[in-house]
>>> print(open('query-v6.cif').read())   # mmCIF, C-alpha atoms
data_query
#
loop_
_atom_site.label_atom_id
_atom_site.label_comp_id
_atom_site.auth_asym_id
_atom_site.auth_seq_id
_atom_site.Cartn_x
_atom_site.Cartn_y
_atom_site.Cartn_z
CA MET P 1 120.64 136.49 169.18
CA SER P 2 118.83 135.91 165.88
CA PRO P 3 116.18 133.07 165.85
CA ILE P 4 116.92 132.24 162.20
CA PRO P 5 119.55 129.48 162.72
CA LYS P 6 117.39 127.83 165.34
CA LEU P 7 114.35 127.80 163.04
CA GLN P 8 116.42 126.53 160.12
CA LYS P 9 117.65 123.69 162.27
CA ARG P 10 114.08 122.75 163.20
CA ILE P 11 113.06 122.81 159.50
CA ASP P 12 115.97 120.53 158.61
CA LYS P 13 115.00 118.13 161.38
CA LEU P 14 111.36 118.07 160.24
CA SER P 15 112.40 117.60 156.61
CA ALA P 16 114.55 114.63 157.59
CA ALA P 17 111.65 113.14 159.51
CA ILE P 18 109.32 113.63 156.53
CA GLU P 19 111.84 112.00 154.17
CA ALA P 20 112.19 109.07 156.55
CA GLN P 21 108.43 108.70 156.72
CA GLU P 22 108.16 108.90 152.91
CA GLN P 23 110.78 106.17 152.55
CA LEU P 24 108.90 104.08 155.08
CA LEU P 25 105.66 104.70 153.19
CA GLN P 26 107.26 103.61 149.90
CA ARG P 27 108.56 100.46 151.55
CA LEU P 28 105.12 99.74 152.96
CA ILE P 29 103.50 100.33 149.55
CA ALA P 30 106.05 98.05 147.90
CA ARG P 31 105.49 95.42 150.57
CA ARG P 32 101.73 95.71 150.14
CA SER P 33 102.15 95.20 146.38
CA GLU P 34 104.22 92.07 147.03
CA VAL P 35 101.59 90.69 149.38
CA GLN P 36 98.86 91.61 146.88
CA ARG P 37 100.74 89.73 144.14
CA GLU P 38 101.03 86.74 146.41
CA LEU P 39 97.30 86.94 147.13
CA ASN P 40 96.56 87.27 143.41
CA TYR P 41 98.84 84.34 142.70
CA PHE P 42 97.00 82.04 145.10
CA SER P 43 93.61 83.43 144.09
CA ASP P 44 94.21 83.17 140.32
CA PRO P 45 93.27 79.71 139.00
CA MET P 46 95.91 80.14 136.30
CA ALA P 47 98.63 80.34 138.93
CA ARG P 48 97.82 76.88 140.20
CA LEU P 49 98.36 75.31 136.77
CA PRO P 50 101.72 74.06 135.54
CA PHE P 51 103.52 76.67 133.46
CA GLU P 52 103.44 74.46 130.36
CA LEU P 53 99.65 74.15 130.62
CA GLN P 54 99.31 77.92 131.06
CA SER P 55 101.30 78.44 127.87
CA ASP P 56 99.14 75.92 126.01
CA ILE P 57 95.96 77.73 127.10
CA PHE P 58 97.35 81.04 125.89
CA MET P 59 98.37 79.46 122.57
CA ARG P 60 94.89 78.08 121.99
CA CYS P 61 93.24 81.35 122.97
CA CYS P 62 95.29 83.35 120.49
CA ILE P 63 95.05 80.85 117.64
CA GLU P 64 91.28 80.37 117.94
CA SER P 65 90.79 84.13 118.09
CA ASP P 66 92.59 84.65 114.75
CA ALA P 67 94.91 86.79 116.77
CA SER P 68 98.02 86.89 114.61
CA THR P 69 97.17 90.32 113.17
CA PRO P 70 99.14 93.02 115.02
CA GLY P 71 96.97 95.54 116.81
CA LEU P 72 96.52 96.98 120.24
CA ASP P 73 93.39 94.85 120.68
CA ALA P 74 95.10 91.61 119.67
CA PRO P 75 94.80 88.93 122.41
CA HIS P 76 98.58 88.55 122.36
CA LEU P 77 99.01 92.10 123.66
CA VAL P 78 95.87 92.21 125.81
CA LEU P 79 97.06 89.17 127.77
CA THR P 80 100.41 90.79 128.53
CA ALA P 81 98.63 93.69 130.28
CA VAL P 82 96.50 91.64 132.71
CA SER P 83 99.16 90.85 135.29
CA GLN P 84 102.85 90.12 135.59
CA LEU P 85 102.09 86.40 135.66
CA TRP P 86 100.07 86.57 132.45
CA ARG P 87 102.74 88.73 130.82
CA ASP P 88 105.42 86.19 131.70
CA VAL P 89 103.28 83.37 130.32
CA ALA P 90 102.49 85.25 127.10
CA LEU P 91 106.09 86.19 126.40
CA ALA P 92 107.57 82.81 127.28
CA PRO P 93 106.64 80.70 124.20
CA PRO P 94 108.27 82.16 121.06
CA ARG P 95 105.90 80.06 118.93
CA LEU P 96 103.04 82.31 120.04
CA TRP P 97 104.64 85.15 118.07
CA SER P 98 105.97 83.20 115.09
CA ASP P 99 102.85 83.56 112.91
CA ILE P 100 101.90 87.06 111.82
CA GLN P 101 99.30 88.48 109.42
CA ILE P 102 99.76 92.04 108.23
CA VAL P 103 96.92 93.92 106.56
CA PRO P 104 98.34 97.35 105.68
CA TYR P 105 95.19 99.22 104.67
CA PRO P 106 96.35 102.85 104.42
CA HIS P 107 93.36 104.20 106.36
CA LYS P 108 94.07 101.84 109.25
CA LEU P 109 97.78 102.49 109.64
CA HIS P 110 99.07 104.46 112.58
CA SER P 111 102.55 105.78 113.26
CA ASP P 112 103.57 102.82 115.42
CA TYR P 113 102.05 100.06 113.24
CA TRP P 114 105.29 98.87 111.68
CA LYS P 115 107.13 99.19 115.03
CA LEU P 116 104.50 96.86 116.47
CA CYS P 117 105.09 94.40 113.64
CA HIS P 118 108.83 94.40 114.31
CA LEU P 119 108.21 93.92 118.05
CA TRP P 120 105.88 91.04 117.30
CA LEU P 121 108.45 89.22 115.15
CA SER P 122 111.29 89.91 117.61
CA ARG P 123 109.36 88.05 120.32
CA ALA P 124 109.51 84.92 118.16
CA GLN P 125 113.23 84.98 118.98
CA SER P 126 115.10 82.56 116.70
CA LEU P 127 112.10 80.50 115.55
CA PRO P 128 111.17 80.31 111.84
CA VAL P 129 108.42 82.81 111.03
CA SER P 130 105.25 82.56 108.93
CA LEU P 131 104.28 85.93 107.44
CA THR P 132 101.05 86.71 105.57
CA ILE P 133 100.57 90.12 103.96
CA GLY P 134 96.99 90.84 102.93
CA GLY P 135 94.76 93.63 101.76
CA PRO P 136 95.57 95.91 98.82
CA LEU P 137 99.23 95.20 98.18
CA ILE P 138 100.80 98.47 97.12
CA PRO P 139 104.45 99.52 96.82
CA GLU P 140 105.15 100.06 100.49
CA GLN P 141 108.71 100.69 101.66
CA ASP P 142 107.87 99.91 105.30
CA MET P 143 106.51 96.52 104.25
CA GLN P 144 109.58 95.83 102.11
CA ASP P 145 111.86 96.82 104.99
CA LEU P 146 110.00 94.51 107.38
CA VAL P 147 110.27 91.51 105.06
CA SER P 148 113.90 92.24 104.24
CA LEU P 149 114.95 92.68 107.88
CA HIS P 150 113.43 89.34 108.91
CA SER P 151 114.01 87.61 105.55
CA HIS P 152 116.53 85.10 106.94
CA ARG P 153 113.91 83.82 109.45
CA LEU P 154 110.94 83.51 107.11
CA ALA P 155 109.80 79.92 106.58
CA ASN P 156 106.45 80.80 104.95
CA LEU P 157 105.65 83.98 103.05
CA THR P 158 102.16 84.61 101.62
CA PHE P 159 100.74 87.60 99.80
CA SER P 160 96.94 87.65 99.73
CA LEU P 161 95.74 90.54 97.60
CA MET P 162 92.16 91.80 97.74
CA SER P 163 91.47 94.52 95.22
CA ASP P 164 89.21 97.42 96.15
CA SER P 165 88.68 98.66 92.59
CA TYR P 166 87.49 97.42 89.22
CA GLN P 167 90.80 98.19 87.56
CA THR P 168 93.40 95.51 86.95
CA PRO P 169 95.42 95.42 90.18
CA ILE P 170 99.17 95.87 90.02
CA ALA P 171 101.28 94.24 92.69
CA THR P 172 104.99 94.73 93.20
CA PHE P 173 107.40 93.23 95.67
CA SER P 174 111.16 93.17 95.97
CA LEU P 175 113.80 92.69 98.63
CA ASN P 176 116.28 95.22 99.91
CA GLU P 177 119.83 94.75 98.71
CA GLY P 178 121.59 91.94 100.55
CA ALA P 179 118.41 90.37 101.95
CA ARG P 180 118.25 86.58 101.68
CA LEU P 181 115.29 84.25 102.10
CA SER P 182 117.63 81.55 103.32
CA SER P 183 114.99 79.70 105.40
CA LEU P 184 112.00 80.14 103.09
CA LYS P 185 110.21 76.91 102.18
CA CYS P 186 106.73 78.05 101.10
CA LEU P 187 105.99 81.09 98.96
CA ALA P 188 102.50 82.07 97.73
CA PHE P 189 100.84 84.95 95.95
CA LYS P 190 97.04 84.86 95.77
CA ALA P 191 94.72 87.49 94.32
CA ASP P 192 90.95 87.86 94.11
CA LYS P 193 91.14 88.96 90.46
CA PRO P 194 93.77 88.66 87.70
CA THR P 195 96.65 90.78 88.88
CA ASP P 196 99.59 92.30 87.03
CA PHE P 197 102.64 91.23 89.00
CA GLY P 198 105.04 93.35 86.99
CA ASN P 199 108.18 92.15 85.23
CA LEU P 200 109.02 88.47 85.41
CA SER P 201 112.65 89.34 86.16
CA GLN P 202 111.56 90.96 89.43
CA TRP P 203 109.97 87.73 90.64
CA LEU P 204 112.98 85.67 89.50
CA ASP P 205 115.19 87.90 91.66
CA VAL P 206 113.02 87.01 94.66
CA LEU P 207 113.38 83.31 93.84
CA ARG P 208 117.15 83.62 93.57
CA ALA P 209 117.16 84.71 97.21
CA ALA P 210 115.27 81.52 98.27
CA PRO P 211 117.65 78.58 97.70
CA ILE P 212 115.70 75.94 99.70
CA LEU P 213 112.19 76.81 98.47
CA SER P 214 110.03 73.67 98.39
CA SER P 215 106.55 74.99 97.52
CA MET P 216 105.37 77.92 95.39
CA LYS P 217 101.86 79.06 94.45
CA LEU P 218 101.12 81.90 92.06
CA ASP P 219 97.35 82.18 91.77
CA ASN P 220 95.44 84.63 89.56
CA THR P 221 98.53 86.51 88.44
CA PHE P 222 100.30 87.27 85.20
CA PHE P 223 103.73 88.61 84.27
CA ARG P 224 105.05 91.11 81.80
CA MET P 225 108.09 89.91 79.92
CA ASP P 226 111.37 91.74 80.40
CA PRO P 227 113.83 90.33 77.84
CA GLY P 228 116.69 92.31 79.29
CA GLY P 229 116.31 91.03 82.84
CA ALA P 230 114.64 87.63 82.71
CA SER P 231 117.15 85.79 80.56
CA ASN P 232 119.25 84.15 83.30
CA PRO P 233 118.09 80.60 84.10
CA LEU P 234 117.49 79.55 87.67
CA THR P 235 117.68 76.16 89.37
CA LEU P 236 115.58 75.53 92.48
CA PRO P 237 116.89 72.13 93.63
CA TYR P 238 114.33 71.57 96.43
CA LEU P 239 111.09 72.83 94.86
CA GLN P 240 108.57 69.95 94.97
CA ASN P 241 105.18 71.65 94.58
CA LEU P 242 104.39 74.31 91.99
CA HIS P 243 100.96 75.84 91.31
CA LEU P 244 100.59 78.34 88.47
CA GLY P 245 97.03 79.51 88.12
CA LYS P 246 94.96 82.18 86.45
CA PRO P 247 91.88 80.24 85.34
CA PHE P 248 89.70 81.43 82.47
CA ALA P 249 91.39 84.83 82.12
CA TRP P 250 91.93 84.32 78.40
CA ASP P 251 91.38 87.92 77.35
CA LEU P 252 94.24 89.13 79.51
CA LEU P 253 96.56 86.52 78.03
CA ARG P 254 96.36 88.20 74.66
CA GLU P 255 98.37 91.11 75.97
CA ASN P 256 100.24 89.58 78.89
CA GLY P 257 101.84 86.27 79.79
CA SER P 258 100.48 83.91 82.40
CA THR P 259 102.66 82.68 85.21
CA SER P 260 103.44 79.52 83.19
CA LEU P 261 105.99 81.65 81.32
CA ILE P 262 108.28 81.32 84.31
CA LEU P 263 108.96 77.66 83.43
CA GLN P 264 111.19 78.62 80.52
CA PHE P 265 113.66 80.11 83.04
CA LEU P 266 113.45 77.39 85.71
CA THR P 267 115.06 74.02 86.25
CA LEU P 268 113.25 71.96 88.91
CA PRO P 269 114.90 68.57 89.44
CA ALA P 270 112.85 67.72 92.58
CA LEU P 271 109.39 68.70 91.28
CA LYS P 272 106.67 66.22 92.32
CA SER P 273 103.45 68.19 91.84
CA LEU P 274 102.73 70.63 89.00
CA SER P 275 99.47 72.53 88.46
CA ILE P 276 98.96 74.88 85.49
CA SER P 277 95.49 76.28 85.03
CA SER P 278 96.47 78.81 82.37
CA PHE P 279 99.05 77.63 79.86
CA ASP P 280 100.84 80.36 77.91
CA LEU P 281 104.14 78.61 77.28
CA PRO P 282 105.25 77.48 73.81
CA TYR P 283 105.17 73.71 73.41
CA SER P 284 108.89 73.56 72.64
CA GLU P 285 109.72 75.49 75.81
CA PHE P 286 107.66 73.11 77.96
CA LEU P 287 109.43 70.11 76.44
CA ALA P 288 112.76 71.82 77.12
CA PHE P 289 111.73 72.41 80.76
CA LEU P 290 110.84 68.74 81.26
CA SER P 291 114.00 67.55 79.51
CA ARG P 292 116.46 69.64 81.52
CA SER P 293 114.64 69.13 84.84
CA SER P 294 113.86 65.39 84.57
CA PRO P 295 111.46 65.90 87.48
CA PRO P 296 110.08 62.96 89.48
CA LEU P 297 106.55 64.22 88.80
CA GLU P 298 103.82 62.31 90.61
CA SER P 299 100.90 64.70 90.04
CA LEU P 300 100.02 66.86 87.02
CA ARG P 301 97.02 69.19 86.91
CA LEU P 302 96.72 70.89 83.55
CA ALA P 303 94.30 73.01 81.54
CA ILE P 304 94.93 71.53 78.10
CA PRO P 305 96.66 74.10 75.86
CA ARG P 306 94.92 75.03 72.64
CA ASP P 307 97.74 73.80 70.40
CA TRP P 308 97.96 70.32 71.98
CA SER P 309 95.68 68.66 69.45
CA SER P 310 98.24 66.23 68.02
CA VAL P 311 98.69 62.70 69.34
CA THR P 312 102.42 63.01 68.65
CA THR P 313 102.65 66.21 70.68
CA VAL P 314 100.89 64.69 73.67
CA ALA P 315 102.95 61.49 73.49
CA GLN P 316 106.20 63.49 73.53
CA VAL P 317 105.12 65.36 76.65
CA LEU P 318 103.82 62.33 78.55
CA ARG P 319 106.94 60.26 77.84
CA LEU P 320 108.91 62.76 79.89
CA MET P 321 106.75 62.02 82.97
CA PRO P 322 107.35 58.30 83.65
CA THR P 323 106.77 58.64 87.40
CA LEU P 324 103.34 60.28 87.10
CA VAL P 325 100.67 58.74 89.35
CA THR P 326 97.85 61.31 89.15
CA LEU P 327 96.69 63.09 85.97
CA ASN P 328 94.05 65.82 86.11
CA LEU P 329 93.06 67.43 82.78
CA SER P 330 90.66 70.33 82.16
CA ALA P 331 89.21 71.32 78.79
CA VAL P 332 88.55 75.06 78.67
CA PRO P 333 87.30 77.57 77.58
CA ARG P 334 83.54 77.24 77.13
CA ASP P 335 83.35 78.56 73.58
CA ASP P 336 85.52 75.78 72.18
CA ARG P 337 83.72 72.55 71.23
CA ILE P 338 86.86 70.68 70.09
CA ASP P 339 87.50 67.40 71.88
CA ARG P 340 90.75 68.28 73.61
CA PHE P 341 90.77 64.96 75.48
CA PHE P 342 91.10 62.93 72.27
CA PRO P 343 94.93 62.92 71.91
CA PHE P 344 95.38 62.07 75.61
CA LEU P 345 92.78 59.29 75.53
CA ASP P 346 94.26 57.89 72.33
CA VAL P 347 97.82 57.81 73.69
CA LEU P 348 96.79 56.33 77.05
CA SER P 349 94.69 53.60 75.41
CA THR P 350 97.45 52.27 73.15
CA SER P 351 100.75 52.18 75.04
CA SER P 352 101.53 50.96 78.54
CA ASP P 353 105.06 52.39 78.19
CA ILE P 354 103.65 55.91 78.51
CA LEU P 355 102.85 56.85 82.11
CA PRO P 356 103.51 53.31 83.36
CA ASN P 357 102.75 54.25 87.00
CA LEU P 358 99.47 56.06 86.37
CA ARG P 359 96.83 55.25 89.02
CA GLU P 360 94.34 58.13 88.95
CA ILE P 361 92.81 60.03 86.01
CA THR P 362 90.43 63.00 86.23
CA LEU P 363 88.92 64.72 83.18
CA ARG P 364 86.96 67.95 83.51
CA THR P 365 84.99 69.72 80.81
CA ASP P 366 82.04 72.07 80.60
CA VAL P 367 81.18 70.94 77.03
CA PRO P 368 80.22 67.25 77.26
CA LEU P 369 78.83 67.08 73.69
CA THR P 370 82.35 66.50 72.38
CA ILE P 371 83.26 63.58 74.66
CA ASP P 372 83.99 60.33 72.84
CA TYR P 373 82.60 57.86 75.38
CA GLU P 374 83.74 54.90 73.28
CA LEU P 375 87.33 56.12 73.51
CA VAL P 376 86.90 56.83 77.22
CA LEU P 377 85.79 53.24 77.77
CA ARG P 378 88.67 51.88 75.68
CA MET P 379 91.24 53.90 77.64
CA VAL P 380 89.82 53.01 81.06
CA THR P 381 89.60 49.32 80.18
CA PHE P 382 93.16 49.27 78.81
CA ARG P 383 94.61 51.04 81.83
CA PHE P 384 92.73 48.82 84.27
CA SER P 385 93.20 45.46 82.57
CA SER P 386 96.33 45.62 80.39
CA CYS P 387 98.88 47.75 82.25
CA PRO P 388 101.33 46.45 84.90
CA THR P 389 100.21 49.27 87.23
CA ARG P 390 96.43 49.08 87.24
CA LEU P 391 94.31 52.17 87.11
CA LYS P 392 92.72 52.76 90.51
CA SER P 393 90.40 55.73 89.95
CA PHE P 394 88.72 57.43 86.99
CA ARG P 395 86.62 60.58 87.26
CA LEU P 396 84.85 62.47 84.49
CA THR P 397 83.44 65.84 85.58
CA VAL P 398 80.86 67.28 83.16
CA PRO P 399 77.78 69.52 83.41
CA PRO P 400 74.35 67.99 82.85
CA VAL P 401 73.41 70.85 80.50
CA ILE P 402 75.28 73.33 78.36
CA PRO P 403 74.37 77.02 78.58
CA LEU P 404 73.89 78.49 75.11
CA GLY P 405 73.38 82.11 76.08
CA TYR P 406 72.34 84.44 78.83
CA GLY P 407 68.73 83.22 78.86
CA ASP P 408 67.21 79.99 80.11
CA ILE P 409 67.83 78.04 76.90
CA HIS P 410 70.23 75.14 77.31
CA SER P 411 71.49 72.33 75.16
CA PRO P 412 71.02 68.91 76.82
CA ALA P 413 74.11 66.89 77.56
CA ARG P 414 74.68 63.62 75.72
CA LEU P 415 74.57 60.63 78.07
CA PRO P 416 76.98 57.72 77.68
CA PRO P 417 75.52 54.93 75.49
CA ASP P 418 73.89 52.05 77.36
CA HIS P 419 76.59 49.54 76.48
CA VAL P 420 79.29 51.96 77.73
CA ILE P 421 77.42 52.36 81.01
CA SER P 422 77.09 48.59 81.28
CA GLU P 423 80.82 47.97 80.74
CA LEU P 424 81.78 50.77 83.14
CA GLU P 425 79.55 49.24 85.78
CA GLN P 426 81.35 45.92 85.29
CA LEU P 427 84.70 47.63 85.79
CA LEU P 428 83.26 49.19 88.92
CA LYS P 429 82.36 45.74 90.23
CA ASP P 430 85.90 44.57 89.43
CA GLY P 431 87.36 47.21 91.74
CA LEU P 432 87.91 50.35 89.63
CA GLN P 433 86.62 53.54 91.24
CA ILE P 434 84.51 55.41 88.68
CA ASP P 435 82.70 58.73 89.04
CA ILE P 436 80.95 60.44 86.14
CA GLY P 437 78.94 63.49 87.09
CA PRO P 438 78.60 67.27 87.30
CA GLY P 439 81.32 69.64 88.35
CA SER P 440 81.26 72.88 90.28
CA TRP P 441 79.80 75.15 87.59
CA PRO P 442 76.85 77.34 88.69
CA ASP P 443 73.35 75.84 88.63
CA PHE P 444 74.62 72.33 87.96
CA SER P 445 73.25 70.74 91.10
CA ASN P 446 71.99 67.34 89.95
CA SER P 447 74.09 64.50 88.67
CA TYR P 448 72.84 62.91 85.47
CA TYR P 449 74.95 59.80 85.87
CA SER P 450 77.15 58.74 88.75
CA MET P 451 78.66 55.45 89.80
#
>>> encode(input="query-v6.cif", output="structure tokens")
Amino acid sequence: MSPIPKLQKRIDKLSAAIEAQEQLLQRLIARRSEVQRELNYFSDPMARLPFELQSDIFMRCCIESDASTPGLDAPHLVLTAVSQLWRDVALAPPRLWSDIQIVPYPHKLHSDYWKLCHLWLSRAQSLPVSLTIGGPLIPEQDMQDLVSLHSHRLANLTFSLMSDSYQTPIATFSLNEGARLSSLKCLAFKADKPTDFGNLSQWLDVLRAAPILSSMKLDNTFFRMDPGGASNPLTLPYLQNLHLGKPFAWDLLRENGSTSLILQFLTLPALKSLSISSFDLPYSEFLAFLSRSSPPLESLRLAIPRDWSSVTTVAQVLRLMPTLVTLNLSAVPRDDRIDRFFPFLDVLSTSSDILPNLREITLRTDVPLTIDYELVLRMVTFRFSSCPTRLKSFRLTVPPVIPLGYGDIHSPARLPPDHVISELEQLLKDGLQIDIGPGSWPDFSNSYYSM
């Protein structure tokens, strides 16, 4: 009789025994892992803390570490790999993942970068999201897809452009078809140098997708006009704060339009705070904007336009701002010695019907030789003593000296006359806050007169 069947039977029996032992070994390994987790749980100080406190510690760790930039070394992801407990704690609070900063430098991107960004935002679940996109903003379809996919959840959207060249940067941004910024409340674009933001119509299309926008900041940007696409007016019923800034970039304005041009296409009935540091809008268009919006403006910060030299012009504008409380005026640029404050000071010193609620006035200039201190005193006294709503604060920011060239030669600033100083000091004693001194220009470190 052949021994083969007998040997095969023995092999089968041994194989079954081995399989049984392997199953037993796996069960023992699994049991050991369970016991090890229990030991880790009781040994880990974190495990003895309430879950809410654990989450708070993780939140503070990530926030203080500036950890909202996706990356494999981000604390958010590092914490999830420590243990199952830490992973559960890190994934539990959606708020931990609701703030994200993306810096898409081309040389730092890897194939899974945008997948990581999507994963990050998905862990915020249904919470509103704050998204900041920094670095050199270039036309990037992956970035546009990311914003468009999560557009309905975005509460805050900020572009922070840092140019890596000496050429005028060009930034473009648009949404995919059908994307809506239905939750967006704050929108900002900031650049480190004057930046061409493309056609105005492109930005208006973005605003049309943001019906509840309440705050917008466009800083150091300018638009190119597109008559064919930027003609449709737009009403933003909830916008309360608007900052349009590109300070001192006058040369660029000769060929392009500053962001103030956008006002001729907007109606803003809820606007409370308006800041324009580079005014490139025709006077008639600005009057039309104020007339159709009737905004409850409380704060106006304005670089005085070059063509606002008429008392009548200024009076027409100010009459459309009856709710204004704070007025901040800047006289620029440096090479203009005309007293741009004169029409404002004249209007404010003669009629209490104009800006009847005005409480704070700030004037800023880098050419103090043209300041009419007599008129300043008359306006301040009138607003403090003769208006139903008394002036609370007056600040005049001027340099102590005026640079005349690239060398060390300067023209000395003209101090207020003694009798003006005396009367201002009396107003100070009567309760008016007064500050006359240097601003933030380079090398102006010492105040020549301050109250």
>>> resolve_selection(input="query-v6.cif", expression="the PyMOL selection byres ((chain P and resi 214) around 6)", output="PyMOL selection string")
chain P and resi 185+213+215+238-240
>>> write_last_selection(input="query-v6.cif", atoms="C-alpha atoms", output="PDB file, in the coordinates of the input")
ATOM      1  CA  LYS P 185     110.210  76.910 102.180  1.00  0.00           C
ATOM      2  CA  LEU P 213     112.190  76.810  98.470  1.00  0.00           C
ATOM      3  CA  SER P 215     106.550  74.990  97.520  1.00  0.00           C
ATOM      4  CA  TYR P 238     114.330  71.570  96.430  1.00  0.00           C
ATOM      5  CA  LEU P 239     111.090  72.830  94.860  1.00  0.00           C
ATOM      6  CA  GLN P 240     108.570  69.950  94.970  1.00  0.00           C
TER       7      GLN P 240
END
>>> atom_distance(input="query-v6.cif", atom1="atom CA of P:Pro388", atom2="atom CA of P:Ser352")
7.8 Å
>>> residues_around(input="query-v6.cif", residues="P:Ile304", least_positions_apart="4", cutoff="9 Å", atoms="all atoms listed in the file", output="list of chain:residue names")
P:Ser277, P:Ser278, P:Phe279, P:Trp308, P:Leu329, P:Ser330, P:Ala331, P:Val332, P:Arg340, P:Phe341
>>> closest_residue(input="query-v6.cif", among="P:Val35, P:Leu154, P:Ala288, P:Leu234", to="P:Ser98", atoms="all atoms listed in the file")
P:Leu154
>>> residues_around(input="query-v6.cif", residues="P:Leu300", least_positions_apart="6", cutoff="6 Å", atoms="all atoms listed in the file", output="PyMOL selection string")
chain P and resi 274-275+327
>>> closest_residue(input="query-v6.cif", among="P:Leu161, P:Val314, P:Leu302, P:Leu207", to="P:Val347", atoms="all atoms listed in the file")
P:Val314
>>> closest_residue(input="query-v6.cif", among="P:Leu116, P:Leu204, P:Leu375, P:Ile102", to="P:Leu266", atoms="all atoms listed in the file")
P:Leu204
>>> residues_around(input="query-v6.cif", residues="P:Arg180", least_positions_apart="3", cutoff="10 Å", atoms="all atoms listed in the file", output="list of chain:residue names")
P:Val147, P:Ser148, P:Leu149, P:His150, P:Ser151, P:His152, P:Arg153, P:Leu154, P:Leu175, P:Asn176, P:Glu177, P:Ser183, P:Leu184, P:Val206, P:Leu207, P:Arg208, P:Ala209, P:Ala210, P:Pro211
>>> atom_distance(input="query-v6.cif", atom1="atom CA of P:Ser422", atom2="atom CA of P:Glu374")
12.2 Å
>>> resolve_selection(input="query-v6.cif", expression="the PyMOL selection byres ((chain P and resi 243) around 12)", output="VMD selection string")
chain P and resid 186 to 190 214 to 221 239 to 242 244 to 247 259 to 260 262 to 263 271 to 279 299 to 302
>>> residues_near_point(input="query-v6.cif", point="(101.2, 91.6, 87.5)", cutoff="7 Å", atoms="all atoms listed in the file", output="list in words")
Ile170, Ala171, Thr195, Asp196, Phe197, Gly198, Thr221, Phe222, Phe223 and Arg224 of chain P
>>> decode(input="query-v6.cif", residues="stretch 260-273 of chain P", atoms="N, CA and C atoms", output="short mmCIF file (atom, residue, chain, number, x, y, z; two decimals), in the first residue's frame")
data_model
loop_
_atom_site.label_atom_id
_atom_site.label_comp_id
_atom_site.auth_asym_id
_atom_site.auth_seq_id
_atom_site.Cartn_x
_atom_site.Cartn_y
_atom_site.Cartn_z
N SER P 260 -11.11 102.81 -6.24
CA SER P 260 -12.25 103.68 -5.98
C SER P 260 -13.21 103.70 -7.17
N LEU P 261 -12.73 103.30 -8.35
CA LEU P 261 -13.60 103.28 -9.53
C LEU P 261 -14.79 102.35 -9.34
N ILE P 262 -14.66 101.40 -8.45
CA ILE P 262 -15.73 100.42 -8.26
C ILE P 262 -17.00 101.06 -7.72
N LEU P 263 -16.86 102.23 -7.06
CA LEU P 263 -18.01 102.89 -6.44
C LEU P 263 -19.05 103.32 -7.46
N GLN P 264 -18.65 103.58 -8.68
CA GLN P 264 -19.63 104.02 -9.68
C GLN P 264 -20.55 102.89 -10.12
N PHE P 265 -20.24 101.65 -9.71
CA PHE P 265 -21.10 100.51 -10.06
C PHE P 265 -21.78 99.91 -8.84
N LEU P 266 -21.55 100.49 -7.65
CA LEU P 266 -22.09 99.92 -6.42
C LEU P 266 -23.15 100.81 -5.79
N THR P 267 -24.11 100.17 -5.14
CA THR P 267 -25.05 100.83 -4.25
C THR P 267 -24.92 100.13 -2.90
N LEU P 268 -24.61 100.93 -1.85
CA LEU P 268 -24.31 100.35 -0.54
C LEU P 268 -25.16 101.03 0.53
N PRO P 269 -26.39 100.60 0.71
CA PRO P 269 -27.31 101.28 1.63
C PRO P 269 -27.02 101.06 3.10
N ALA P 270 -26.12 100.12 3.46
CA ALA P 270 -25.81 99.84 4.86
C ALA P 270 -24.41 100.30 5.24
N LEU P 271 -23.71 101.01 4.36
CA LEU P 271 -22.31 101.35 4.58
C LEU P 271 -22.13 102.28 5.77
N LYS P 272 -21.27 101.86 6.73
CA LYS P 272 -20.99 102.66 7.92
C LYS P 272 -19.57 103.21 7.95
N SER P 273 -18.63 102.50 7.32
CA SER P 273 -17.23 102.92 7.35
C SER P 273 -16.67 102.86 5.94
#
